[in-house]
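Only one structure is covered here, and it is reproduced in the block below.
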Amino acid sequence: MEVFAYLIPYGLEWLNLIVRWLHIITGIAWIGASFYFVWLDNSIRPPAPGSELAKKGVSGELWAVHGGGFYNPQKYLVAPAELPKELHWFKWEAYTTWLSGFALLTIAYYFNAQAMMVDKSVADLSSLQAVGLGIASLVVGWTVYDLLCRSPLGKHDFWFGVVVFALLVAAAWVLTHFLSGRAAYIHVGAMIGTIMVANVLMLIIPGQRKMVAAIAAGGLPDPVHGQRAKQRSVHNNYFTLPVLFIMISNHYAMTYRHDHAWLVLAAIMAAGVFIRHFFNLRHKGRVEWRYPAIGVAILIAVAVAIAPPPPAARAASAAAAPLAVSQFGKVQAILAQRCVSCHAVAPTQPGFAAAPAGIMLENEAEVRQNAEKIYKQAVQLKAMPLANLTNMTDDERAQVAAWFESGAK
């Protein structure tokens, strides 16, 4: 039974690795395609009036060189007179990214909800409640977004963008009041990812199928399908930088552990949108540096606003030094009680097959080697212990702080 209990988390760790790898690969393919086609749409130029291309219904073309060859992509405003035998559909990149992402969410968060999703200082939820809230956020997010797209608001790009951004910020506010900051962030990202893939599955691909079917039947396709697909594709393009930040946010506790984590996320997402808008305009031939300047200014403001307070003045640290030094053994005992269940060669905390980030704190040398990381994670960010599963107290954090600030002797 002991071997079985050990192999389950170890097997999940490998499953986590493989699915995460797949998720990154397919995500690169999907987002890369999104970036390319928005660039292509913004970069093509209309043919000369009366030219052969114009007569064929080509609305724009582009010449490019890459990999030792020349390319000449052309765009038909509605459709070509005759369909080619082979037509590539860009859909599996999106589907596989979402499926692998949801699988990863299940493996990393839902299978270990008490450690990864529940923070009892925020809300004392059961694992089932936490998982239910996470899944509900994905369903509600897509439903509200889709209804807004179909409403009269959907015809006004700027105000639609403002309302959708407010929707995401509101979701972040709600989730950070029920889930751990890390889980709240990842579910806002999953909500955005769900909206993006649902756009492909529910609108873009079905619309394209209707257009192809109409051409195959000898008729003219309704251009409204292409217009709707273009609208959703542009939305997906603006979602990309925020969702990419959220994908890596679990490595940066300074953001999701902040008292106003939802506001931090809102600001960083806004910066991403401004920066993405700059590139979209640039592809159209408009270079407006104010947009990346605004994005960078927002990021700098966030960095300054969430910076940890400086350590105690040197004089105060010096006064506390004898106490801190004499209590190194007590600090080590705190770590043994609160941290070593995860940070060990053979973790005893359920759900962990290896020490997180490879950091082990089982002996004096390991503690000294990782003193700065301990101080940052346990004192400045209070991100560890994870979800405070082992109930480290503020007094214990203060003792660790005093030890470190006196020189970690």
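Residue names in the structure tokens use chain letters A, B, ... in the order shown, residue numbers from 1 in each chain, and ligand numbers from 1 in the order shown.
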
Distance query Leu265 (chain A) at most 8 Å, only C-alpha atoms, self and fewer than 5 positions along chain excluded, as a PyMOL selection string = chain A and resi 169+172+185+255-256

Pick from A:Trp63, A:Tyr238, A:Pro152, A:Leu125 nearest to Ser34 (chain A), counting only C-alpha atoms = A:Tyr238

Near-Ala94 (chain A) list (9 Å; only C-alpha atoms; drop same-chain fewer than 3 positions) as an NGL selection string | :A and (26-27 or 29-31 or 90-91 or 97-99 or 196-197 or 200-201)

Among listed residues A:Ala229, A:Leu263, A:Ile215, A:Ala401, nearest Ala79 (chain A) (using only C-alpha atoms) | A:Ile215

Could you pull out all residues of region 66-112 of chain A with a DSSP call of helix (DSSP H, G or I) and give them as an NGL selection string?
-> :A and (92-108 or 110-112)
